[in-house]
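Listing of upload_38.csv, CSV, C-alpha atoms
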chain,number,residue,atom,x,y,z
A,1,MET,CA,-103.8,111.2,-8.3
A,2,SER,CA,-103.1,114.1,-10.6
A,3,GLN,CA,-105.5,114.9,-13.5
A,4,SER,CA,-102.7,114.0,-16.0
A,5,ARG,CA,-102.4,110.5,-14.4
A,6,MET,CA,-106.1,110.0,-14.4
A,7,ALA,CA,-106.3,111.0,-18.0
A,8,LEU,CA,-103.5,108.6,-18.8
A,9,LEU,CA,-105.3,105.6,-17.2
A,10,CYS,CA,-108.6,106.6,-18.9
A,11,MET,CA,-106.7,106.7,-22.2
A,12,LEU,CA,-105.4,103.2,-21.6
A,13,ALA,CA,-108.9,101.9,-20.9
A,14,CYS,CA,-110.7,103.6,-23.8
A,15,VAL,CA,-108.5,102.5,-26.8
A,16,GLY,CA,-110.6,100.2,-29.0
A,17,ILE,CA,-109.4,96.7,-29.8
A,18,VAL,CA,-108.4,96.1,-33.4
A,19,THR,CA,-107.8,93.0,-35.4
A,20,VAL,CA,-104.1,92.0,-35.3
A,21,LEU,CA,-102.1,89.5,-37.2
A,22,ALA,CA,-101.0,86.7,-35.0
A,23,PHE,CA,-99.6,83.3,-36.0
A,24,PRO,CA,-99.8,80.5,-33.5
A,25,GLY,CA,-97.4,77.6,-33.5
A,26,CYS,CA,-94.7,76.4,-31.1
A,27,THR,CA,-92.7,73.8,-33.0
A,28,SER,CA,-92.2,72.2,-29.6
A,29,ARG,CA,-92.7,73.0,-25.9
A,30,ALA,CA,-89.7,71.0,-25.0
A,31,THR,CA,-86.4,72.8,-24.6
A,32,GLY,CA,-83.4,71.6,-26.5
A,33,ASP,CA,-79.9,72.6,-27.5
A,34,SER,CA,-79.7,76.0,-29.0
A,35,ALA,CA,-79.4,76.5,-32.7
A,36,SER,CA,-76.0,76.3,-34.4
A,37,LYS,CA,-73.8,79.3,-33.7
A,38,ASP,CA,-71.4,78.4,-36.5
A,39,ASP,CA,-70.7,81.5,-38.5
A,40,ASP,CA,-69.3,79.6,-41.5
A,41,ALA,CA,-71.8,80.3,-44.3
A,42,VAL,CA,-70.0,78.2,-46.9
A,43,ASN,CA,-70.0,74.6,-45.7
A,44,ASP,CA,-72.7,73.5,-48.2
A,45,VAL,CA,-71.0,75.3,-51.1
A,46,TYR,CA,-67.6,73.7,-50.3
A,47,ASP,CA,-69.2,70.2,-50.1
A,48,ASP,CA,-71.0,70.7,-53.5
A,49,ILE,CA,-67.8,71.6,-55.3
A,50,GLY,CA,-66.1,68.3,-54.7
A,51,ASP,CA,-62.5,67.3,-55.5
A,52,ASP,CA,-63.4,66.1,-59.0
A,53,ASP,CA,-64.3,69.6,-60.1
A,54,VAL,CA,-60.8,70.9,-59.4
A,55,ASP,CA,-58.2,71.0,-62.2
A,56,ASP,CA,-55.0,69.9,-60.6
A,57,GLY,CA,-53.0,70.4,-63.8
A,58,ASP,CA,-50.3,72.9,-64.2
A,59,THR,CA,-52.0,75.7,-62.3
A,60,ASP,CA,-49.1,76.2,-60.0
A,61,ASP,CA,-46.6,76.5,-62.8
A,62,ASP,CA,-48.5,79.1,-64.8
A,63,ALA,CA,-48.7,82.8,-64.1
A,64,PRO,CA,-51.7,83.8,-62.2
A,65,SER,CA,-54.8,84.2,-64.4
A,66,ALA,CA,-57.1,87.2,-64.3
A,67,CYS,CA,-59.5,85.0,-62.3
A,68,GLU,CA,-56.8,84.2,-59.8
A,69,GLU,CA,-55.7,87.8,-59.5
A,70,THR,CA,-59.3,88.9,-58.8
A,71,LEU,CA,-59.9,86.2,-56.2
A,72,ALA,CA,-56.4,86.1,-54.7
A,73,GLY,CA,-56.6,86.1,-50.9
A,74,GLU,CA,-60.4,86.2,-50.9
A,75,VAL,CA,-61.2,82.6,-51.6
A,76,ASP,CA,-59.1,81.2,-48.7
A,77,ALA,CA,-60.5,83.8,-46.3
A,78,CYS,CA,-64.1,83.0,-47.2
A,79,PHE,CA,-64.0,79.4,-48.3
A,80,GLU,CA,-62.0,77.3,-45.9
A,81,GLY,CA,-59.7,74.9,-47.7
A,82,LEU,CA,-59.9,76.4,-51.2
A,83,THR,CA,-57.4,78.6,-53.0
A,84,ALA,CA,-58.0,81.0,-55.9
A,85,GLY,CA,-56.1,78.6,-58.2
A,86,GLU,CA,-58.4,75.7,-57.4
A,87,VAL,CA,-61.5,77.7,-57.9
A,88,CYS,CA,-60.2,79.2,-61.2
A,89,GLY,CA,-59.5,75.7,-62.5
A,90,THR,CA,-63.2,74.7,-62.4
A,91,ALA,CA,-65.9,75.1,-65.0
A,92,ASP,CA,-67.7,77.5,-62.7
A,93,ALA,CA,-64.8,79.9,-62.3
A,94,ASP,CA,-66.5,82.8,-64.2
A,95,CYS,CA,-69.6,82.4,-62.1
A,96,TRP,CA,-67.6,82.7,-58.9
A,97,VAL,CA,-66.0,85.8,-60.2
A,98,GLU,CA,-69.3,87.3,-61.2
A,99,CYS,CA,-70.7,86.6,-57.7
A,100,PHE,CA,-67.7,88.2,-56.1
A,101,GLU,CA,-68.1,91.3,-58.2
A,102,HIS,CA,-71.9,91.6,-57.4
A,103,THR,CA,-71.8,90.9,-53.6
A,104,SER,CA,-70.2,92.4,-50.5
A,105,GLY,CA,-68.7,90.2,-47.8
A,106,CYS,CA,-68.2,86.5,-47.3
A,107,SER,CA,-71.7,85.6,-46.4
A,108,GLU,CA,-73.3,87.3,-49.4
A,109,TRP,CA,-70.7,85.8,-51.7
A,110,ALA,CA,-71.3,82.3,-50.3
A,111,LEU,CA,-75.0,82.6,-50.8
A,112,CYS,CA,-74.6,83.8,-54.4
A,113,VAL,CA,-72.2,80.9,-55.2
A,114,GLU,CA,-74.6,78.4,-53.7
A,115,SER,CA,-77.8,79.7,-55.4
A,116,VAL,CA,-76.3,80.8,-58.8
A,117,CYS,CA,-73.2,78.7,-59.4
A,118,VAL,CA,-74.2,75.4,-57.6
A,119,ASN,CA,-78.0,75.4,-57.9
A,120,GLY,CA,-78.2,77.1,-61.3
A,121,GLU,CA,-80.6,79.9,-60.2
A,122,ASP,CA,-80.8,83.1,-62.4
A,123,PRO,CA,-78.5,85.9,-61.1
A,124,TRP,CA,-80.2,89.1,-60.2
A,125,TRP,CA,-77.7,91.1,-62.3
A,126,ASN,CA,-79.2,89.7,-65.5
A,127,ASP,CA,-81.3,92.9,-65.8
A,128,ASP,CA,-78.3,94.6,-67.5
A,129,ASP,CA,-77.8,91.7,-69.9
A,130,THR,CA,-81.5,91.9,-70.9
A,131,ASP,CA,-81.1,95.5,-71.9
A,132,ASP,CA,-78.1,94.6,-74.1
A,133,ASP,CA,-80.0,91.8,-75.8
A,134,ASP,CA,-82.8,94.3,-76.7
A,135,THR,CA,-80.3,96.5,-78.5
A,136,ASP,CA,-78.8,93.6,-80.5
A,137,ASP,CA,-82.3,92.3,-81.6
A,138,ASP,CA,-83.4,95.7,-82.7
A,139,ASP,CA,-80.4,95.9,-85.1
A,140,SER,CA,-80.8,92.6,-86.8
A,141,GLY,CA,-83.5,90.6,-88.8
A,142,ASP,CA,-86.7,91.9,-90.3
A,143,ASP,CA,-89.0,94.2,-88.5
A,144,ASP,CA,-91.5,91.5,-87.4
A,145,ALA,CA,-88.8,89.3,-86.0
A,146,GLY,CA,-87.2,92.2,-84.2
A,147,ASP,CA,-90.5,93.1,-82.6
A,148,ASP,CA,-91.0,89.6,-81.4
A,149,ASP,CA,-87.5,89.2,-80.0
A,150,THR,CA,-87.7,92.6,-78.2
A,151,GLY,CA,-90.9,91.6,-76.5
A,152,ASP,CA,-89.3,88.4,-75.2
A,153,ASP,CA,-86.2,90.1,-74.0
A,154,ASP,CA,-88.2,92.7,-72.1
A,155,THR,CA,-89.0,90.1,-69.4
A,156,VAL,CA,-87.1,91.1,-66.3
A,157,ALA,CA,-85.4,88.3,-64.3
A,158,ASP,CA,-86.9,87.7,-60.8
A,159,PRO,CA,-84.9,89.3,-58.0
A,160,THR,CA,-83.0,87.3,-55.4
A,161,LEU,CA,-84.0,88.0,-51.8
A,162,ILE,CA,-81.2,87.8,-49.3
A,163,GLY,CA,-81.9,87.7,-45.5
A,164,SER,CA,-81.4,85.8,-42.3
A,165,VAL,CA,-83.3,84.1,-39.4
A,166,LYS,CA,-82.2,84.7,-35.8
A,167,GLU,CA,-83.4,84.1,-32.3
A,168,VAL,CA,-84.4,87.5,-31.0
A,169,TYR,CA,-82.8,87.1,-27.6
A,170,PRO,CA,-80.0,86.5,-27.4
A,171,PRO,CA,-79.4,87.2,-31.1
A,172,THR,CA,-78.4,83.8,-32.4
A,173,PRO,CA,-78.4,82.5,-36.0
A,174,VAL,CA,-81.0,79.7,-36.6
A,175,ALA,CA,-79.8,77.0,-38.9
A,176,ASN,CA,-82.1,74.8,-41.0
A,177,ALA,CA,-85.2,77.0,-40.4
A,178,GLN,CA,-87.8,76.5,-43.1
A,179,LEU,CA,-89.3,79.6,-44.8
A,180,ASP,CA,-92.5,79.2,-46.7
A,181,PHE,CA,-93.5,82.1,-48.9
A,182,TYR,CA,-97.2,82.7,-49.5
A,183,SER,CA,-99.0,85.4,-51.5
A,184,ALA,CA,-99.8,88.2,-49.1
A,185,THR,CA,-102.9,89.0,-51.2
A,186,ALA,CA,-104.3,85.7,-52.4
A,187,ARG,CA,-103.8,83.9,-49.1
A,188,ASP,CA,-103.0,80.6,-51.0
A,189,GLU,CA,-102.9,77.4,-49.0
A,190,THR,CA,-99.8,76.2,-50.9
A,191,PRO,CA,-96.6,78.2,-50.6
A,192,ILE,CA,-95.3,79.8,-53.8
A,193,ALA,CA,-91.7,79.1,-52.8
A,194,THR,CA,-89.8,77.4,-49.9
A,195,THR,CA,-86.2,77.7,-48.8
A,196,THR,CA,-84.1,76.8,-45.8
A,197,THR,CA,-81.5,78.7,-43.8
A,198,SER,CA,-77.8,77.8,-44.0
A,199,ALA,CA,-75.6,76.9,-41.0
A,200,SER,CA,-75.1,80.7,-40.4
A,201,GLY,CA,-78.8,81.4,-40.5
A,202,ASP,CA,-78.8,83.1,-43.9
A,203,TYR,CA,-81.0,82.4,-46.9
A,204,ALA,CA,-81.2,83.5,-50.5
A,205,LEU,CA,-84.3,82.9,-52.7
A,206,THR,CA,-85.1,84.0,-56.3
A,207,ILE,CA,-88.8,84.9,-56.4
A,208,PRO,CA,-91.0,87.4,-58.3
A,209,ALA,CA,-91.2,90.9,-56.8
A,210,GLY,CA,-94.2,91.6,-54.6
A,211,TRP,CA,-95.6,91.2,-51.1
A,212,TYR,CA,-95.4,87.8,-49.3
A,213,SER,CA,-96.5,86.3,-46.0
A,214,VAL,CA,-93.5,84.3,-44.8
A,215,VAL,CA,-94.0,81.5,-42.2
A,216,VAL,CA,-90.7,80.7,-40.4
A,217,THR,CA,-90.5,77.2,-38.9
A,218,PRO,CA,-87.4,76.6,-36.8
A,219,PRO,CA,-86.2,73.0,-36.2
A,220,GLU,CA,-88.3,71.3,-33.6
A,221,GLU,CA,-85.3,70.5,-31.4
A,222,THR,CA,-84.6,74.2,-30.8
A,223,GLY,CA,-87.9,74.7,-28.9
A,224,LEU,CA,-88.5,77.9,-30.8
A,225,ALA,CA,-92.0,79.0,-31.9
A,226,VAL,CA,-93.2,79.3,-35.5
A,227,ALA,CA,-93.4,83.0,-36.6
A,228,LYS,CA,-95.0,84.9,-39.4
A,229,TYR,CA,-94.0,88.1,-41.2
A,230,GLU,CA,-94.9,90.2,-44.2
A,231,ILE,CA,-92.1,91.0,-46.7
A,232,GLU,CA,-92.0,93.1,-49.8
A,233,VAL,CA,-89.5,91.7,-52.4
A,234,LEU,CA,-88.1,94.5,-54.5
A,235,GLU,CA,-86.7,94.3,-58.0
A,236,ASP,CA,-83.7,96.6,-57.3
A,237,ASN,CA,-82.8,95.7,-53.7
A,238,PRO,CA,-81.7,92.1,-52.7
A,239,THR,CA,-81.8,93.0,-49.0
A,240,PRO,CA,-85.0,95.1,-48.5
A,241,PRO,CA,-86.3,96.1,-45.0
A,242,PHE,CA,-87.7,93.3,-43.0
A,243,ALA,CA,-85.8,90.6,-44.8
A,244,ASP,CA,-84.1,89.6,-41.5
A,245,LEU,CA,-86.6,87.6,-39.6
A,246,PHE,CA,-86.7,86.8,-35.9
A,247,VAL,CA,-88.1,83.9,-33.8
A,248,ASN,CA,-88.5,83.4,-30.1
A,249,ASP,CA,-89.0,80.8,-27.4
A,250,CYS,CA,-92.5,79.5,-26.8
A,251,MET,CA,-94.1,81.9,-24.3
A,252,GLU,CA,-96.0,80.7,-21.2
A,253,ASP,CA,-99.5,82.0,-20.6
A,254,ASP,CA,-98.3,84.9,-18.5
A,255,GLN,CA,-95.3,85.9,-20.6
A,256,VAL,CA,-94.7,88.2,-23.5
A,257,ARG,CA,-91.5,89.5,-25.2
A,258,ILE,CA,-91.4,92.7,-27.2
A,259,ALA,CA,-88.6,93.4,-29.7
A,260,LEU,CA,-87.9,96.8,-31.3
A,261,HIS,CA,-85.9,96.8,-34.5
A,262,TRP,CA,-85.0,99.8,-36.8
A,263,GLY,CA,-82.4,101.0,-39.3
A,264,ASP,CA,-79.0,102.7,-38.9
A,265,THR,CA,-80.6,106.0,-38.0
A,266,PRO,CA,-81.7,107.3,-35.6
A,267,SER,CA,-78.9,105.7,-33.7
A,268,ASP,CA,-80.8,105.7,-30.3
A,269,LEU,CA,-84.4,104.6,-30.0
A,270,ASP,CA,-85.6,103.7,-26.5
A,271,SER,CA,-88.2,101.1,-25.4
A,272,HIS,CA,-90.7,102.3,-22.7
A,273,LEU,CA,-93.1,100.1,-20.9
A,274,LEU,CA,-95.9,101.3,-18.6
A,275,ALA,CA,-96.8,98.3,-16.4
A,276,PRO,CA,-99.2,97.5,-13.6
A,277,CYS,CA,-97.3,97.6,-10.2
A,278,PRO,CA,-96.6,93.9,-9.3
A,279,ASP,CA,-96.7,94.8,-5.6
A,280,PRO,CA,-100.2,95.0,-4.1
A,281,ASP,CA,-98.9,97.3,-1.3
A,282,PRO,CA,-100.6,100.7,-1.8
A,283,GLY,CA,-97.2,102.4,-1.2
A,284,ALA,CA,-95.3,100.4,-3.8
A,285,CYS,CA,-94.3,102.0,-7.1
A,286,GLY,CA,-94.5,105.4,-5.5
A,287,GLY,CA,-98.1,104.9,-4.7
A,288,LEU,CA,-99.0,105.4,-8.4
A,289,GLY,CA,-100.2,101.9,-9.1
A,290,PHE,CA,-98.0,101.4,-12.1
A,291,TYR,CA,-94.3,101.2,-12.9
A,292,LEU,CA,-92.4,103.0,-15.7
A,293,MET,CA,-89.7,100.9,-17.2
A,294,TYR,CA,-87.0,102.3,-19.6
A,295,PHE,CA,-83.2,102.5,-19.8
A,296,ALA,CA,-82.9,104.3,-16.4
A,297,ALA,CA,-85.2,101.8,-14.6
A,298,ARG,CA,-84.7,98.5,-16.4
A,299,GLN,CA,-86.2,95.9,-14.1
A,300,TRP,CA,-88.8,95.0,-11.4
A,301,GLY,CA,-87.6,91.8,-9.8
A,302,SER,CA,-88.4,88.8,-12.0
A,303,HIS,CA,-91.7,90.3,-13.3
A,304,PHE,CA,-90.4,92.4,-16.2
A,305,SER,CA,-87.1,93.7,-17.6
A,306,LEU,CA,-85.5,95.7,-20.4
A,307,ASP,CA,-83.0,93.0,-21.5
A,308,VAL,CA,-81.2,95.0,-24.2
A,309,ASP,CA,-80.8,98.8,-24.5
A,310,ASP,CA,-79.3,99.6,-28.0
A,311,THR,CA,-77.8,103.0,-28.5
A,312,THR,CA,-76.0,102.5,-31.9
A,313,GLY,CA,-78.8,101.7,-34.3
A,314,ASN,CA,-80.7,98.7,-35.7
A,315,GLY,CA,-81.6,97.1,-32.4
A,316,PRO,CA,-83.0,94.9,-31.2
A,317,GLU,CA,-84.1,96.4,-27.9
A,318,VAL,CA,-85.8,93.6,-26.0
A,319,THR,CA,-88.4,93.9,-23.3
A,320,THR,CA,-89.7,90.8,-21.4
A,321,VAL,CA,-92.7,90.3,-19.1
A,322,ASN,CA,-91.8,87.1,-17.3
A,323,SER,CA,-94.8,86.8,-15.0
A,324,GLY,CA,-97.7,89.1,-15.9
A,325,THR,CA,-99.7,91.0,-13.3
A,326,ALA,CA,-103.3,91.5,-14.4
A,327,GLY,CA,-103.9,94.9,-16.0
A,328,THR,CA,-103.0,96.9,-19.0
A,329,TYR,CA,-99.4,97.3,-20.2
A,330,ARG,CA,-98.6,100.0,-22.8
A,331,PHE,CA,-95.4,99.9,-25.0
A,332,ALA,CA,-94.0,103.0,-26.6
A,333,VAL,CA,-90.8,104.0,-28.5
A,334,HIS,CA,-89.0,107.3,-27.8
A,335,ASP,CA,-86.5,108.8,-30.3
A,336,TYR,CA,-83.7,109.8,-27.9
A,337,SER,CA,-81.5,110.9,-30.8
A,338,ASN,CA,-83.9,113.7,-31.7
A,339,ILE,CA,-85.2,114.3,-28.2
A,340,GLY,CA,-85.4,118.1,-28.5
A,341,SER,CA,-87.0,118.2,-31.9
A,342,THR,CA,-90.6,119.3,-32.5
A,343,SER,CA,-90.6,118.5,-36.2
A,344,SER,CA,-88.5,115.3,-36.8
A,345,ARG,CA,-89.8,112.5,-39.0
A,346,ALA,CA,-86.6,110.5,-38.6
A,347,MET,CA,-88.1,107.7,-36.5
A,348,SER,CA,-91.0,106.9,-38.8
A,349,LEU,CA,-88.6,107.0,-41.8
A,350,SER,CA,-86.1,104.6,-40.3
A,351,ALA,CA,-85.7,101.6,-42.6
A,352,GLY,CA,-87.0,98.4,-41.0
A,353,LEU,CA,-88.7,100.1,-38.0
A,354,GLN,CA,-91.0,97.5,-36.4
A,355,VAL,CA,-92.2,96.2,-33.0
A,356,THR,CA,-92.8,92.5,-32.7
A,357,VAL,CA,-94.8,91.1,-29.8
A,358,PHE,CA,-94.1,87.4,-29.1
A,359,HIS,CA,-97.0,86.0,-27.0
A,360,PRO,CA,-98.4,82.5,-26.2
A,361,ASP,CA,-100.4,82.5,-29.5
A,362,GLY,CA,-97.5,83.4,-31.8
A,363,ASN,CA,-96.2,86.8,-32.8
A,364,THR,CA,-97.8,90.1,-33.8
A,365,VAL,CA,-95.9,92.8,-35.8
A,366,PHE,CA,-96.5,96.6,-35.7
A,367,ARG,CA,-95.0,99.0,-38.2
A,368,PRO,CA,-95.6,102.7,-38.9
A,369,ASP,CA,-98.1,103.5,-41.6
A,370,GLY,CA,-96.3,106.4,-43.2
A,371,GLU,CA,-93.9,109.4,-42.8
A,372,THR,CA,-95.2,110.6,-39.5
A,373,PRO,CA,-93.6,113.4,-37.5
A,374,GLY,CA,-92.9,112.5,-33.8
A,375,THR,CA,-90.3,111.5,-31.3
A,376,VAL,CA,-92.8,109.3,-29.4
A,377,TRP,CA,-94.6,106.3,-31.0
A,378,MET,CA,-97.4,104.9,-28.8
A,379,VAL,CA,-97.4,101.4,-30.3
A,380,VAL,CA,-99.7,98.9,-28.5
A,381,ASP,CA,-101.7,98.1,-25.3
A,382,LEU,CA,-101.4,94.6,-23.9
A,383,ASP,CA,-104.2,93.7,-21.6
A,384,TYR,CA,-103.7,90.7,-19.3
A,385,ASP,CA,-106.7,89.3,-17.5
A,386,GLY,CA,-104.8,86.7,-15.5
A,387,SER,CA,-105.0,84.0,-18.1
A,388,GLU,CA,-104.7,85.4,-21.6
A,389,TRP,CA,-103.4,88.5,-23.5
A,390,THR,CA,-105.4,90.9,-25.7
A,391,LEU,CA,-103.4,93.2,-28.0
A,392,SER,CA,-104.9,96.6,-29.0
A,393,GLU,CA,-103.0,98.7,-31.6
A,394,VAL,CA,-102.6,102.4,-30.5
A,395,ASN,CA,-100.3,104.0,-33.2
A,396,ASP,CA,-100.3,107.5,-31.9
A,397,TRP,CA,-97.4,109.9,-32.6
A,398,CYS,CA,-96.3,113.0,-30.7
A,399,PHE,CA,-93.3,114.9,-29.4
A,400,GLU,CA,-91.8,114.8,-25.9
A,401,SER,CA,-88.3,115.9,-24.6
A,402,ASN,CA,-88.7,114.6,-21.0
A,403,ILE,CA,-88.0,110.9,-20.8
A,404,SER,CA,-90.2,110.6,-17.7
A,405,ASN,CA,-93.2,112.0,-19.5
A,406,VAL,CA,-93.3,109.8,-22.5
A,407,PHE,CA,-96.7,108.2,-21.7
A,408,GLU,CA,-98.3,111.6,-21.0
A,409,ALA,CA,-97.1,113.1,-24.3
A,410,CYS,CA,-99.8,112.0,-26.8
A,411,PRO,CA,-103.3,113.3,-26.1

Go ahead and render the structure in this file as structure tokens.
Amino acid sequence: MSQSRMALLCMLACVGIVTVLAFPGCTSRATGDSASKDDDAVNDVYDDIGDDDVDDGDTDDDAPSACEETLAGEVDACFEGLTAGEVCGTADADCWVECFEHTSGCSEWALCVESVCVNGEDPWWNDDDTDDDDTDDDDSGDDDAGDDDTGDDDTVADPTLIGSVKEVYPPTPVANAQLDFYSATARDETPIATTTTSASGDYALTIPAGWYSVVVTPPEETGLAVAKYEIEVLEDNPTPPFADLFVNDCMEDDQVRIALHWGDTPSDLDSHLLAPCPDPDPGACGGLGFYLMYFAARQWGSHFSLDVDDTTGNGPEVTTVNSGTAGTYRFAVHDYSNIGSTSSRAMSLSAGLQVTVFHPDGNTVFRPDGETPGTVWMVVDLDYDGSEWTLSEVNDWCFESNISNVFEACP
């Protein structure tokens, strides 16, 4: 064995184990029908409107209103069975128009209508109205009254968080999943807020800005495991990084699944797995004792596989160990888009970059800890002793242009 290979194996053996966040909880070990794949995000909204809310007067005889002109062609495309005339004849017409002007796409529009127009939650665009109220109060009344009113109006409305819940592989929306939001710092036993995903797996929740621990509980009949994530809710961004959450099948004792997610750029990040050779024959795996799996060598029988190789951004790339061989597995990410660079920070700056390991005890999430230069991210070691997994964070960054030398790149 070469000195570099010996050094590599020593490096794998010497990394210290750190405490990792894992959340146990299979909702059920039984398999069931998959979650709803219905992409219609507006069924609940349509049901809540009801026929009684529609003004069937002389709408058809009148010239189109400004409301109808704004929503023409959009309502029927996004809300099956409704026309712009019917919506604009309701008491909530102005709210529908405001939601249309503050969102992009049918799904976001439907969520806004459901949360703001139907459920009466405060819209996130109230910040601008608050500023206007401050100006009016300053110009009227005595000085004391003006000061009191200004203080009240300075209160900023809570932002609305918009995201989704999907099964990680294959990517499938999970309907009726419960999301419980806990303080990430206080570790309260009672959730601060709770919401449920729509038929299309989307959710919208108005909640104060800050960090939250989010527990995702899929419906029991799906056979999907409970998962836990950390999310930062921002005042100025309704769809911050990590708002899209992922769940997975319950893993058997010798199984793990690794999901890589990132932003639009870099367009091509690659998953690499260094795994113990499943074949005990000394000549197997080139006589090296381990197998290097990546996009050019995507599978070893039924033992492990690269299920998804994404080259256009966002991911996920999905790696599955179906029947673990005792030993240490190392997972790394290679920035193929900037493969020749010796200074790039593009990977560490990618919005939403994270690696999630789904294991028999739940899920563990790894994220970069800053703007780090590197085209290789050594993420985690997974040690399997034949009965259970132990995860050890590595978090080393370095540069490598040769796809075959990724695991020899970082010292």

TODO: Point out the residue among A:Glu101, A:Leu71, A:Val318, A:Gly324 with the least atom-to-atom distance to Val87 of chain A, counting only C-alpha atoms.
DONE: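 Of A:Glu101, A:Leu71, A:Val318, A:Gly324, the one nearest Val87 of chain A is A:Leu71, counting only C-alpha atoms.
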
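Atom pair atom CA of Ser404 of chain A / atom CA of Trp300 of chain A: separated by 16.9 Å.
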
Task: Point-to-point distance from atom CA of Thr320 of chain A to atom CA of Asp270 of chain A, Å rounded to tenths - done: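 A separation of 14.5 Å between them.
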
TODO: Find the residues around Met251 of chain A up to 8 Å (all atoms listed in the file counted), leave out those fewer than 5 positions away in its own chain, and share them as a PyMOL selection string.
DONE: chain A and resi 256+358-360

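Remark: for Val233 of chain A, the closest of the candidate residues A:Ile258, A:Leu269, A:Ala110, A:Ala184 is A:Ala184 (distances computed over all atoms listed in the file).
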
Open item on the list: Need the shell around segment 98-100 of chain A: protein/DNA/RNA residues with any atom at most 9 Å away, counting only C-alpha atoms. Skip same-chain ones fewer than 2 positions apart. Format as JSON, numbers by chain?
Closed with: {"A": [70, 71, 93, 94, 95, 96, 102, 103, 104, 105, 106, 108, 109, 110, 112, 113, 116, 117, 123]}

List the neighbours of Met378 of chain A out to 8 Å using all atoms listed in the file; skip same-chain residues closer than 4 positions along the sequence, and give me the result as an mmCIF file with C-alpha atoms, in the coordinates of the input.
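Written out: result-v9.cif:
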data_model
loop_
_atom_site.group_PDB
_atom_site.id
_atom_site.type_symbol
_atom_site.label_atom_id
_atom_site.label_comp_id
_atom_site.auth_asym_id
_atom_site.auth_seq_id
_atom_site.Cartn_x
_atom_site.Cartn_y
_atom_site.Cartn_z
ATOM 1 C CA ARG A 330 -98.600 100.000 -22.800
ATOM 2 C CA PHE A 331 -95.400 99.900 -25.000
ATOM 3 C CA ALA A 332 -94.000 103.000 -26.600
ATOM 4 C CA VAL A 333 -90.800 104.000 -28.500
ATOM 5 C CA VAL A 394 -102.600 102.400 -30.500
ATOM 6 C CA ASN A 395 -100.300 104.000 -33.200
ATOM 7 C CA ASP A 396 -100.300 107.500 -31.900
ATOM 8 C CA TRP A 397 -97.400 109.900 -32.600
ATOM 9 C CA PHE A 407 -96.700 108.200 -21.700
ATOM 10 C CA CYS A 410 -99.800 112.000 -26.800
#

Open item on the list: Using all atoms listed in the file for the distances, tell me which of A:Pro316, A:Gly362, A:Gly289, A:Gly81 is nearest to Lys166 of chain A.
Closed with: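 Counting all atoms listed in the file, the residue closest to Lys166 of chain A is A:Pro316.
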
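We find atom CA of Leu205 of chain A and atom CA of Ala84 of chain A to be spaced 26.6 Å apart.
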
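With only C-alpha atoms as the atoms that count, the minimum distance from Thr265 of chain A to the choices A:Phe79, A:Tyr336, A:Tyr169, A:Phe242 is reached by A:Tyr336.
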
Task: Pick from A:Asp202, A:Glu114, A:Glu393, A:Asp307 nearest to Val355 of chain A, counting all atoms listed in the file - done: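 Closest candidate: A:Glu393.
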
Open item on the list: Which residues are near Thr312 of chain A? Cut-off 12 Å, only C-alpha atoms, ignore same chain within fewer than 3 positions. Put them as number ranges by chain.
Closed with: A: 261-270, 308-309, 315-317, 336-337
